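Peer 1: mmCIF, C-alpha atoms, saved as entry-v6.cif, coming up:
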```
data_model
loop_
_atom_site.label_atom_id
_atom_site.label_comp_id
_atom_site.auth_asym_id
_atom_site.auth_seq_id
_atom_site.Cartn_x
_atom_site.Cartn_y
_atom_site.Cartn_z
CA MET S 1 -4.34 -7.56 -1.91
CA ASN S 2 -4.39 -9.71 -5.06
CA LYS S 3 -2.00 -12.59 -4.40
CA GLU S 4 -1.91 -13.37 -8.13
CA ILE S 5 0.66 -10.56 -8.24
CA LEU S 6 3.07 -12.92 -6.46
CA ASN S 7 3.05 -15.73 -9.02
CA SER S 8 6.31 -16.23 -10.88
CA GLU S 9 5.04 -15.14 -14.31
CA ALA S 10 3.58 -11.90 -12.94
CA GLN S 11 6.79 -11.17 -11.02
CA ARG S 12 8.81 -11.78 -14.16
CA PHE S 13 6.56 -9.40 -16.10
CA ILE S 14 6.99 -6.71 -13.43
CA ASN S 15 10.79 -7.02 -13.48
CA ASP S 16 10.89 -7.01 -17.28
CA HIS S 17 8.81 -3.82 -17.51
CA LEU S 18 10.42 -1.58 -14.89
CA ASN S 19 11.35 0.93 -17.58
CA THR S 20 8.02 0.75 -19.43
CA ASP S 21 5.91 3.91 -19.67
CA ILE S 22 3.30 3.47 -16.91
CA ASN S 23 0.64 5.44 -18.82
CA LYS S 24 1.16 3.26 -21.87
CA LEU S 25 0.89 0.15 -19.72
CA LEU S 26 -2.37 1.36 -18.19
CA LEU S 27 -3.89 1.63 -21.67
CA SER S 28 -2.71 -1.84 -22.64
CA LYS S 29 -4.53 -5.11 -22.04
CA SER S 30 -3.20 -7.19 -19.16
CA PRO S 31 -1.53 -10.45 -20.25
CA PHE S 32 -2.94 -12.11 -17.10
CA LYS S 33 -6.58 -13.08 -16.67
CA ALA S 34 -6.56 -12.55 -12.89
CA LEU S 35 -4.65 -9.25 -12.93
CA SER S 36 -5.66 -5.87 -14.31
CA SER S 37 -3.33 -3.47 -16.07
CA ALA S 38 -3.81 -1.05 -13.16
CA GLU S 39 -2.61 -3.66 -10.66
CA LEU S 40 0.46 -4.44 -12.73
CA ALA S 41 1.18 -0.73 -13.20
CA GLN S 42 0.99 -0.17 -9.42
CA GLN S 43 3.55 -2.88 -8.79
CA ILE S 44 5.92 -1.64 -11.47
CA ASP S 45 5.61 1.98 -10.33
CA GLY S 46 6.04 0.99 -6.66
CA LYS S 47 9.11 -1.11 -7.31
CA LYS S 48 10.68 1.60 -9.44
CA ARG S 49 10.09 4.19 -6.70
CA SER S 50 11.76 1.87 -4.19
CA GLU S 51 14.97 1.31 -6.16
CA LYS S 52 16.99 4.01 -4.40
CA LYS S 53 14.80 4.80 -1.42
CA LEU S 54 14.25 1.19 -0.33
CA PRO S 55 16.95 -0.97 -1.94
CA THR S 56 16.31 -3.90 0.44
CA TRP S 57 12.70 -4.07 -0.73
CA PHE S 58 13.67 -3.52 -4.38
CA ASN S 59 16.24 -6.33 -4.33
CA THR S 60 14.07 -8.85 -2.46
CA PRO S 61 11.92 -11.16 -4.64
CA GLY S 62 8.23 -11.40 -3.80
CA ILE S 63 7.71 -7.91 -2.37
CA TYR S 64 4.17 -6.56 -2.78
CA TYR S 65 3.96 -2.78 -3.38
CA PRO S 66 1.10 -0.55 -2.15
CA PRO S 67 -0.16 2.63 -3.90
CA LYS S 68 2.53 5.25 -4.54
CA LEU S 69 1.32 7.57 -1.74
CA ASN S 70 2.21 4.92 0.86
CA ILE S 71 5.72 4.62 -0.59
CA GLU S 72 6.15 8.39 -0.78
CA GLN S 73 5.13 8.74 2.88
CA ALA S 74 7.42 5.93 4.04
CA SER S 75 10.82 6.61 5.56
CA SER S 76 13.88 5.88 3.49
CA GLU S 77 16.10 3.03 4.64
CA GLN S 78 18.78 5.49 5.75
CA THR S 79 16.48 7.53 7.97
CA ALA S 80 14.73 4.42 9.33
CA ALA S 81 18.05 2.84 10.28
CA TYR S 82 19.07 6.07 12.03
CA LYS S 83 15.80 6.21 14.02
CA SER S 84 16.15 2.59 15.09
CA ARG S 85 19.13 3.70 17.20
CA LEU S 86 16.84 5.94 19.25
CA VAL S 87 14.52 3.24 20.62
CA LEU S 88 14.62 2.08 24.23
CA GLY S 89 13.93 -1.31 25.73
CA LYS S 90 12.51 -4.51 24.33
CA THR S 91 9.02 -3.55 23.12
CA LEU S 92 7.84 -0.87 20.72
CA ALA S 93 4.44 0.27 19.46
CA ASP S 94 4.24 1.98 16.07
CA LEU S 95 0.92 3.81 16.13
CA THR S 96 1.02 4.76 12.43
CA GLY S 97 2.51 1.67 10.78
CA GLY S 98 2.03 2.46 7.07
CA PHE S 99 4.35 0.57 4.72
CA GLY S 100 6.37 -0.67 7.69
CA VAL S 101 9.84 0.51 6.72
CA ASP S 102 10.52 1.91 10.20
CA ASP S 103 9.16 -1.26 11.79
CA TYR S 104 11.49 -3.49 9.81
CA PHE S 105 14.46 -1.62 11.30
CA PHE S 106 12.86 -1.35 14.75
CA SER S 107 12.38 -5.13 14.72
CA GLN S 108 16.14 -5.55 14.54
CA LYS S 109 16.59 -3.55 17.76
CA VAL S 110 13.74 -4.76 20.00
CA GLU S 111 12.21 -8.13 20.82
CA LYS S 112 8.68 -7.20 19.75
CA VAL S 113 7.11 -4.51 17.55
CA SER S 114 3.35 -3.84 17.71
CA TYR S 115 2.31 -2.37 14.35
CA PHE S 116 -0.99 -0.46 14.27
CA GLU S 117 -2.64 0.53 10.98
CA ARG S 118 -6.22 1.49 10.10
CA ASP S 119 -5.97 0.43 6.46
CA GLU S 120 -6.58 -3.31 6.41
CA GLU S 121 -5.20 -3.70 2.88
CA LEU S 122 -1.99 -1.83 3.70
CA SER S 123 -1.58 -3.85 6.88
CA ALA S 124 -1.91 -7.11 4.91
CA ILE S 125 0.69 -5.93 2.39
CA THR S 126 3.13 -4.93 5.12
CA LYS S 127 2.61 -8.20 6.97
CA HIS S 128 3.38 -10.17 3.80
CA ASN S 129 6.51 -8.14 3.11
CA SER S 130 7.74 -8.44 6.70
CA GLY S 131 7.56 -12.21 6.39
CA ILE S 132 9.47 -12.12 3.11
CA LEU S 133 12.12 -9.89 4.73
CA GLY S 134 12.41 -12.18 7.75
CA ALA S 135 11.04 -9.73 10.32
CA ARG S 136 8.94 -12.19 12.31
CA ASN S 137 8.76 -10.35 15.61
CA ILE S 138 6.16 -7.83 14.41
CA GLU S 139 2.56 -8.11 15.65
CA PHE S 140 0.01 -6.62 13.23
CA ILE S 141 -3.09 -4.90 14.64
CA VAL S 142 -5.72 -3.41 12.31
CA GLY S 143 -7.60 -0.47 13.79
CA ASN S 144 -7.35 2.97 15.35
CA SER S 145 -4.19 2.85 17.48
CA ILE S 146 -5.35 5.54 19.90
CA GLU S 147 -8.62 3.76 20.59
CA CYS S 148 -6.76 0.46 20.93
CA LEU S 149 -4.47 1.98 23.56
CA LYS S 150 -7.39 3.56 25.43
CA SER S 151 -9.25 0.25 25.59
CA SER S 152 -6.29 -1.72 26.91
CA ASN S 153 -3.62 -1.56 29.60
CA SER S 154 -0.76 -2.30 27.21
CA GLN S 155 2.67 -1.03 28.22
CA PHE S 156 5.66 -0.53 25.92
CA ASP S 157 9.22 0.64 26.29
CA THR S 158 8.96 2.92 23.25
CA ILE S 159 6.04 4.45 21.34
CA TYR S 160 6.64 5.71 17.79
CA VAL S 161 4.19 7.89 15.89
CA ASP S 162 4.33 9.62 12.51
CA PRO S 163 1.15 11.74 12.53
CA ALA S 164 -0.53 12.72 9.27
CA ARG S 165 0.18 16.32 8.36
CA ARG S 166 -2.78 16.50 6.01
CA VAL S 167 -6.22 16.32 7.60
CA GLN S 168 -9.18 16.44 5.21
CA SER S 169 -6.75 17.34 2.39
CA LYS S 170 -5.51 20.46 4.21
CA LYS S 171 -1.95 20.98 5.39
CA VAL S 172 -1.62 21.52 9.11
CA PHE S 173 1.10 23.49 10.88
CA LEU S 174 0.51 22.67 14.55
CA LEU S 175 1.03 19.27 16.14
CA LYS S 176 -2.36 19.50 17.84
CA ASP S 177 -3.96 19.52 14.39
CA THR S 178 -2.27 16.34 13.14
CA GLU S 179 -3.85 12.89 13.01
CA PRO S 180 -3.50 11.42 15.54
CA ASP S 181 -3.34 14.46 17.80
CA VAL S 182 0.00 13.86 19.54
CA VAL S 183 -0.43 16.86 21.84
CA GLU S 184 -3.75 15.70 23.28
CA ASN S 185 -2.55 12.11 23.57
CA LEU S 186 0.95 12.83 24.92
CA PRO S 187 -0.07 12.23 28.57
CA MET S 188 -1.27 8.75 27.59
CA PHE S 189 1.93 8.08 25.66
CA LEU S 190 4.00 9.04 28.70
CA GLU S 191 1.95 6.69 30.88
CA ARG S 192 2.31 3.77 28.48
CA ALA S 193 6.01 4.09 27.54
CA ALA S 194 9.28 5.40 28.95
CA ARG S 195 10.08 6.97 25.57
CA THR S 196 7.94 8.44 22.81
CA ILE S 197 9.40 9.24 19.38
CA ILE S 198 7.47 11.60 17.09
CA LYS S 199 8.34 12.15 13.45
CA THR S 200 7.37 15.47 11.85
CA SER S 201 7.94 17.16 8.53
CA PRO S 202 11.34 18.88 8.04
CA LEU S 203 9.35 22.07 7.39
CA PHE S 204 7.89 22.01 10.89
CA ASP S 205 9.09 24.84 13.14
CA ILE S 206 11.28 23.67 16.02
CA GLN S 207 10.22 26.42 18.43
CA SER S 208 6.56 25.73 17.66
CA GLY S 209 7.10 22.08 18.56
CA LEU S 210 8.77 23.00 21.84
CA ASN S 211 5.80 25.22 22.66
CA GLU S 212 3.39 22.31 22.19
CA LEU S 213 5.39 19.39 23.58
CA TYR S 214 7.08 18.74 26.93
CA ASN S 215 9.66 16.30 28.33
CA VAL S 216 11.54 16.62 25.02
CA SER S 217 15.04 15.23 25.60
CA GLU S 218 16.38 15.25 22.04
CA ILE S 219 15.54 16.78 18.68
CA HIS S 220 17.06 15.11 15.63
CA VAL S 221 17.25 16.93 12.31
CA ILE S 222 18.04 14.36 9.61
CA SER S 223 19.18 15.08 6.06
CA VAL S 224 20.04 12.73 3.21
CA LYS S 225 22.48 14.02 0.59
CA ASN S 226 21.94 17.60 1.78
CA ASP S 227 18.15 17.32 1.55
CA CYS S 228 16.39 17.74 4.90
CA LYS S 229 14.08 14.74 5.33
CA GLU S 230 12.83 14.40 8.90
CA LEU S 231 12.51 16.17 12.22
CA ILE S 232 12.44 13.69 15.11
CA TRP S 233 11.28 14.48 18.66
CA VAL S 234 12.44 12.17 21.45
CA ILE S 235 10.29 12.51 24.57
CA ASP S 236 11.30 10.79 27.80
CA ALA S 237 8.79 10.52 30.65
CA ALA S 238 11.32 11.38 33.36
CA PHE S 239 13.18 14.15 31.47
CA GLU S 240 12.90 17.78 32.62
CA ALA S 241 16.07 19.54 31.36
CA GLU S 242 16.78 21.31 28.06
CA PRO S 243 16.76 19.13 24.94
CA VAL S 244 19.88 18.63 22.84
CA VAL S 245 19.54 19.30 19.11
CA HIS S 246 21.32 16.67 17.00
CA CYS S 247 22.01 17.34 13.32
CA ALA S 248 22.68 14.23 11.22
CA ALA S 249 23.81 14.44 7.60
CA LEU S 250 23.56 11.05 5.87
CA SER S 251 25.08 10.28 2.48
CA SER S 252 26.20 7.02 0.84
CA GLY S 253 27.24 5.24 4.02
CA VAL S 254 28.81 8.38 5.54
CA GLU S 255 27.30 10.14 8.55
CA GLN S 256 28.26 13.58 9.85
CA ASN S 257 26.95 14.86 13.17
CA PHE S 258 26.76 18.07 15.13
CA SER S 259 24.99 18.72 18.44
CA PHE S 260 24.17 21.85 20.42
CA THR S 261 21.52 23.39 22.66
CA LEU S 262 19.31 26.30 21.68
CA SER S 263 20.16 28.21 24.87
CA ALA S 264 23.90 27.93 24.19
CA GLU S 265 23.31 29.13 20.62
CA LYS S 266 21.40 32.14 21.92
CA GLU S 267 24.02 33.04 24.54
CA LEU S 268 27.01 32.90 22.17
CA LYS S 269 28.36 36.25 21.02
CA GLN S 270 28.07 37.16 17.37
CA VAL S 271 30.70 35.47 15.24
CA ASP S 272 33.55 37.25 13.55
CA PHE S 273 33.11 38.17 9.91
CA SER S 274 35.89 38.06 7.36
CA MET S 275 36.74 37.70 3.69
CA PRO S 276 37.35 34.13 2.48
CA SER S 277 40.60 32.56 3.69
CA ASN S 278 42.17 29.27 2.47
CA TYR S 279 39.08 27.14 3.04
CA LEU S 280 35.35 27.72 2.74
CA PHE S 281 32.64 25.68 4.51
CA GLU S 282 28.98 25.29 3.57
CA PRO S 283 26.86 23.81 6.40
CA ASP S 284 24.56 20.90 5.64
CA VAL S 285 20.84 21.73 5.44
CA ALA S 286 20.28 19.82 8.71
CA LEU S 287 22.37 22.42 10.53
CA LEU S 288 20.71 25.30 8.67
CA LYS S 289 17.29 23.95 9.68
CA ALA S 290 18.39 23.59 13.31
CA GLY S 291 19.75 27.14 13.37
CA GLY S 292 23.10 26.45 15.02
CA PHE S 293 24.90 29.21 13.13
CA LYS S 294 26.96 30.58 16.01
CA SER S 295 27.50 27.18 17.63
CA ILE S 296 29.27 25.72 14.61
CA SER S 297 31.42 28.83 14.25
CA ASN S 298 32.34 28.59 17.91
CA GLN S 299 33.15 24.86 17.91
CA TYR S 300 35.26 24.89 14.76
CA LYS S 301 36.73 28.39 15.35
CA LEU S 302 35.42 29.66 12.01
CA SER S 303 34.71 33.13 10.75
CA LYS S 304 31.56 33.86 8.76
CA LEU S 305 31.39 35.76 5.51
CA ASN S 306 28.25 37.75 6.32
CA VAL S 307 25.45 37.64 8.90
CA ASN S 308 23.05 36.46 6.16
CA THR S 309 25.57 34.44 4.15
CA HIS S 310 25.72 31.04 5.82
CA LEU S 311 29.23 30.27 4.62
CA TYR S 312 32.25 29.99 6.93
CA THR S 313 35.97 30.29 6.39
CA SER S 314 39.30 29.31 7.94
CA LYS S 315 42.96 29.14 7.00
CA ASP S 316 42.94 25.43 7.94
CA PRO S 317 40.87 22.44 6.73
CA MET S 318 38.21 21.06 9.08
CA PRO S 319 37.93 17.26 8.79
CA GLY S 320 34.49 16.06 9.89
CA PHE S 321 32.76 19.38 9.23
CA ILE S 322 29.01 18.77 8.81
CA GLY S 323 28.56 19.94 5.27
CA ARG S 324 30.75 20.61 2.25
CA SER S 325 34.32 21.92 2.38
CA PHE S 326 36.06 23.84 -0.38
CA GLU S 327 39.64 24.92 -1.00
CA VAL S 328 39.72 28.55 -2.11
CA LYS S 329 41.68 29.21 -5.32
CA ASP S 330 40.75 32.83 -5.98
CA VAL S 331 38.51 35.58 -4.64
CA LYS S 332 37.26 38.47 -6.74
CA THR S 333 34.64 41.11 -6.47
CA TYR S 334 31.68 40.25 -8.66
CA SER S 335 32.44 43.21 -10.92
CA GLN S 336 36.02 41.97 -11.43
CA PHE S 337 34.74 38.47 -12.22
CA SER S 338 32.26 39.89 -14.73
CA LYS S 339 35.05 41.69 -16.57
CA ASP S 340 37.67 38.97 -16.93
CA ASN S 341 36.08 35.57 -16.28
CA LYS S 342 37.79 32.78 -18.23
CA ILE S 343 36.10 29.84 -16.46
CA LYS S 344 33.55 28.32 -18.82
CA LYS S 345 32.68 25.12 -16.94
CA ALA S 346 31.94 25.03 -13.21
CA ASN S 347 29.36 24.21 -10.55
CA ILE S 348 27.53 27.38 -9.52
CA ILE S 349 26.47 28.12 -5.93
CA SER S 350 24.52 31.27 -5.03
CA ARG S 351 24.18 32.26 -1.36
CA ASN S 352 22.71 35.59 -0.26
CA PHE S 353 23.25 36.91 -3.79
CA PRO S 354 20.80 38.81 -6.04
CA MET S 355 21.02 36.26 -8.88
CA SER S 356 20.17 32.56 -9.01
CA PRO S 357 22.59 29.88 -10.28
CA GLU S 358 20.63 29.58 -13.52
CA GLU S 359 20.75 33.32 -14.10
CA LEU S 360 24.49 33.39 -13.40
CA LYS S 361 25.23 30.48 -15.75
CA LYS S 362 23.26 32.13 -18.52
CA LYS S 363 24.74 35.61 -18.03
CA HIS S 364 28.38 34.44 -17.85
CA LYS S 365 28.02 31.55 -20.33
CA VAL S 366 29.26 29.00 -17.79
CA GLN S 367 28.48 25.35 -18.49
CA ASP S 368 27.44 23.27 -15.49
CA GLY S 369 29.82 20.57 -14.19
CA GLY S 370 33.52 19.89 -13.78
CA GLU S 371 35.70 20.10 -10.65
CA ASP S 372 35.54 23.86 -10.18
CA PHE S 373 32.95 25.56 -7.97
CA LEU S 374 32.09 29.23 -8.36
CA ILE S 375 30.44 30.58 -5.23
CA PHE S 376 28.57 33.88 -5.54
CA CYS S 377 27.72 35.58 -2.25
CA LYS S 378 27.85 38.73 -0.13
CA GLY S 379 30.97 39.42 1.91
CA PRO S 380 31.46 41.16 5.29
CA SER S 381 30.54 44.60 3.98
CA ASP S 382 27.64 43.34 1.84
CA ASN S 383 30.06 43.44 -1.07
CA LEU S 384 29.26 41.02 -3.90
CA LEU S 385 31.95 38.32 -4.22
CA THR S 386 32.82 35.50 -6.59
CA ILE S 387 34.91 32.76 -4.98
CA HIS S 388 36.65 30.16 -7.15
CA THR S 389 36.97 26.91 -5.20
CA ILE S 390 37.53 23.17 -5.53
CA LYS S 391 35.60 20.76 -3.33
CA VAL S 392 37.61 18.97 -0.63
CA GLN S 393 36.86 15.23 -0.44
CA GLN S 394 36.22 14.19 3.17
#
```
Take the structure from the file and write it as structure tokens.
Peer 2:
Amino acid sequence: MNKEILNSEAQRFINDHLNTDINKLLLSKSPFKALSSAELAQQIDGKKRSEKKLPTWFNTPGIYYPPKLNIEQASSEQTAAYKSRLVLGKTLADLTGGFGVDDYFFSQKVEKVSYFERDEELSAITKHNSGILGARNIEFIVGNSIECLKSSNSQFDTIYVDPARRVQSKKVFLLKDTEPDVVENLPMFLERAARTIIKTSPLFDIQSGLNELYNVSEIHVISVKNDCKELIWVIDAAFEAEPVVHCAALSSGVEQNFSFTLSAEKELKQVDFSMPSNYLFEPDVALLKAGGFKSISNQYKLSKLNVNTHLYTSKDPMPGFIGRSFEVKDVKTYSQFSKDNKIKKANIISRNFPMSPEELKKKHKVQDGGEDFLIFCKGPSDNLLTIHTIKVQQ
């Protein structure tokens, strides 16, 4: 960690060159004797990457940015704030500290956070930033968190771990293959804390996780702006019942939620199928990932367009629906639409349809944008439909 980065002239240079081509900067001579072009480029690139993902860091003077991989692997502020609501008690151990975004938000919920990180440089950077951000109740420990726990009798109220999903540059698909191995070490976690929270990739299979883990009380599927970001496993030492699946859709200060159990989803009868009525509903990706297709139809009393078309319909609006809502203006068969389409500007959505949005725009000469949405999908009888809609603001 080169503290020359933090001097006022270097900070001014970084802020003045946020829109400079990084590759061009790397080939240029550094204007500072104690700083290389590569060091300046890392700070500029890191700050730029943080502008939307980590606005608190971006807008705070004196932040030191690590290599881009550490920023890419960090939680966004929205997901970190959500996870901070899941912690129990007064003390928390983060076994995979990284850039410390989660810990900053955890520190606002508990009295003490113990941050573990193997990378001494990254730990020093995070410690500096935590001081700048005013998070002074974080203890920084450099070393292997698992070995540290094994060699001590430390107890915590909550343990948090975000295991690496790449081991020796290979992607892993089972929790027992992650680093650290959360399956092997789960008994120790349960002995040391009342609650353990595990973060996994949104691509990770929920049933696979349930096969490997136990005492799972909650599963949280988190999306940001309809992009699935994290799968969170809450494990409580004394819990033995079925976990509840919570879907959380976050977007610009708005949060939509839906909860269900996998057994209830399985036991529900198949939903009714129908042609589009007055309103059409597209579930958020968090719900699609969780697989609560029948549960949402049952709770909101919705019909579905097709068993493989994850779009729902009703004659009435559904305030609070987790996803996007559309008012239906017209419904045509795809062949009818192809013959007499007069809409030349619209947003194209393709669901369970043989053509992609790009192919449809090109074929029908439709320019992207505007207030209209054209939804191409299969109906109840596998018939190809084109539905003209306008998005309902919730």
Peer 1: Taking the file above as input, evaluate the PyMOL selection byres ((chain S and resi 106) around 12) and report the hits as a ChimeraX atom specification.
Peer 2: /S:77,79-94,97,100-105,107-115,130,135-138,158-160
Peer 1: So which residues touch S:Lys266 within 12 Å, counting all atoms listed in the file, skipping near sequence neighbours fewer than 4 positions away, as a ChimeraX atom specification?
Peer 2: /S:260-262,270-271,291-295
Peer 1: Using all atoms listed in the file, find the one residue out of S:Val221, S:Leu305, S:Ile232, S:Ala38 that sits nearest to S:Lys199.
Peer 2: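 Closest to S:Lys199, using all atoms listed in the file: S:Ile232.
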Peer 1: Give me, please, the distance in Å between atom CA of S:Tyr300 and atom CA of S:Gly323, quoted to one decimal.
Peer 2: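 Atom-to-atom, atom CA of S:Tyr300 and atom CA of S:Gly323 are spaced 12.6 Å apart.
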Peer 1: To verify the selection step, state as a list of chain:residue names which residues the PyMOL selection byres ((chain S and resi 379-393) around 6) yields on this input.
Peer 2: S:Phe273, S:Ser274, S:Leu305, S:Asn306, S:Ser325, S:Phe326, S:Glu327, S:Val328, S:Lys329, S:Asp330, S:Val331, S:Lys332, S:Thr333, S:Tyr334, S:Asp372, S:Phe373, S:Leu374, S:Ile375, S:Phe376, S:Cys377, S:Lys378, S:Gln394
Peer 1: Given the file above and the PyMOL selection byres ((chain S and resi 247) around 8), which residues are selected, and can you give them as an mmCIF file with C-alpha atoms, keeping the file's coordinate frame?
Peer 2:
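out-v3.cif written:
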```
data_model
loop_
_atom_site.group_PDB
_atom_site.id
_atom_site.type_symbol
_atom_site.label_atom_id
_atom_site.label_comp_id
_atom_site.auth_asym_id
_atom_site.auth_seq_id
_atom_site.Cartn_x
_atom_site.Cartn_y
_atom_site.Cartn_z
ATOM 1 C CA HIS S 220 17.060 15.110 15.630
ATOM 2 C CA VAL S 221 17.250 16.930 12.310
ATOM 3 C CA ILE S 222 18.040 14.360 9.610
ATOM 4 C CA VAL S 245 19.540 19.300 19.110
ATOM 5 C CA HIS S 246 21.320 16.670 17.000
ATOM 6 C CA ALA S 248 22.680 14.230 11.220
ATOM 7 C CA ALA S 249 23.810 14.440 7.600
ATOM 8 C CA ASN S 257 26.950 14.860 13.170
ATOM 9 C CA PHE S 258 26.760 18.070 15.130
ATOM 10 C CA SER S 259 24.990 18.720 18.440
ATOM 11 C CA ALA S 286 20.280 19.820 8.710
ATOM 12 C CA LEU S 287 22.370 22.420 10.530
ATOM 13 C CA ALA S 290 18.390 23.590 13.310
#
```
Peer 1: For S:Thr200, which residue among S:Ala164, S:Met188, S:Val224, S:Ile44 is the nearest when counting all atoms listed in the file?
Peer 2: S:Ala164
Peer 1: Figure out the distance between atom CA of S:Tyr312 and atom CA of S:Gln367, please, to one decimal in Å.
Peer 2: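 About the pair atom CA of S:Gln367 and atom CA of S:Tyr312: they are 26.1 Å apart.
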Peer 1: If you count all atoms listed in the file, which residues fall within 12 Å of S:Ile198, apart from same-chain ones fewer than 6 positions away, as a PDB file with C-alpha atoms, in the frame of the given file?
Peer 2:
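Final output, part04.pdb:
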```
ATOM      1  CA  LYS S  83      15.800   6.210  14.020  1.00  0.00           C
ATOM      2  CA  LEU S  86      16.840   5.940  19.250  1.00  0.00           C
ATOM      3  CA  VAL S  87      14.520   3.240  20.620  1.00  0.00           C
ATOM      4  CA  ALA S  93       4.440   0.270  19.460  1.00  0.00           C
ATOM      5  CA  ASP S  94       4.240   1.980  16.070  1.00  0.00           C
ATOM      6  CA  LEU S  95       0.920   3.810  16.130  1.00  0.00           C
ATOM      7  CA  THR S  96       1.020   4.760  12.430  1.00  0.00           C
ATOM      8  CA  THR S 158       8.960   2.920  23.250  1.00  0.00           C
ATOM      9  CA  ILE S 159       6.040   4.450  21.340  1.00  0.00           C
ATOM     10  CA  TYR S 160       6.640   5.710  17.790  1.00  0.00           C
ATOM     11  CA  VAL S 161       4.190   7.890  15.890  1.00  0.00           C
ATOM     12  CA  ASP S 162       4.330   9.620  12.510  1.00  0.00           C
ATOM     13  CA  PRO S 163       1.150  11.740  12.530  1.00  0.00           C
ATOM     14  CA  ALA S 164      -0.530  12.720   9.270  1.00  0.00           C
ATOM     15  CA  LEU S 175       1.030  19.270  16.140  1.00  0.00           C
ATOM     16  CA  THR S 178      -2.270  16.340  13.140  1.00  0.00           C
ATOM     17  CA  PRO S 180      -3.500  11.420  15.540  1.00  0.00           C
ATOM     18  CA  ASP S 181      -3.340  14.460  17.800  1.00  0.00           C
ATOM     19  CA  VAL S 182       0.000  13.860  19.540  1.00  0.00           C
ATOM     20  CA  VAL S 183      -0.430  16.860  21.840  1.00  0.00           C
ATOM     21  CA  ASN S 185      -2.550  12.110  23.570  1.00  0.00           C
ATOM     22  CA  LEU S 186       0.950  12.830  24.920  1.00  0.00           C
ATOM     23  CA  PHE S 189       1.930   8.080  25.660  1.00  0.00           C
ATOM     24  CA  GLY S 209       7.100  22.080  18.560  1.00  0.00           C
ATOM     25  CA  LEU S 213       5.390  19.390  23.580  1.00  0.00           C
ATOM     26  CA  VAL S 216      11.540  16.620  25.020  1.00  0.00           C
ATOM     27  CA  SER S 217      15.040  15.230  25.600  1.00  0.00           C
ATOM     28  CA  GLU S 218      16.380  15.250  22.040  1.00  0.00           C
ATOM     29  CA  ILE S 219      15.540  16.780  18.680  1.00  0.00           C
ATOM     30  CA  HIS S 220      17.060  15.110  15.630  1.00  0.00           C
ATOM     31  CA  GLU S 230      12.830  14.400   8.900  1.00  0.00           C
ATOM     32  CA  LEU S 231      12.510  16.170  12.220  1.00  0.00           C
ATOM     33  CA  ILE S 232      12.440  13.690  15.110  1.00  0.00           C
ATOM     34  CA  TRP S 233      11.280  14.480  18.660  1.00  0.00           C
ATOM     35  CA  VAL S 234      12.440  12.170  21.450  1.00  0.00           C
ATOM     36  CA  ILE S 235      10.290  12.510  24.570  1.00  0.00           C
ATOM     37  CA  ASP S 236      11.300  10.790  27.800  1.00  0.00           C
TER      38      ASP S 236
END
```
Peer 1: Just checking: using only C-alpha atoms, which residue out of S:Lys344, S:Leu268, S:Pro55, S:Asn278 ends up closest to S:Pro317?
Peer 2: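 For S:Pro317, the nearest of the given residues is S:Asn278.
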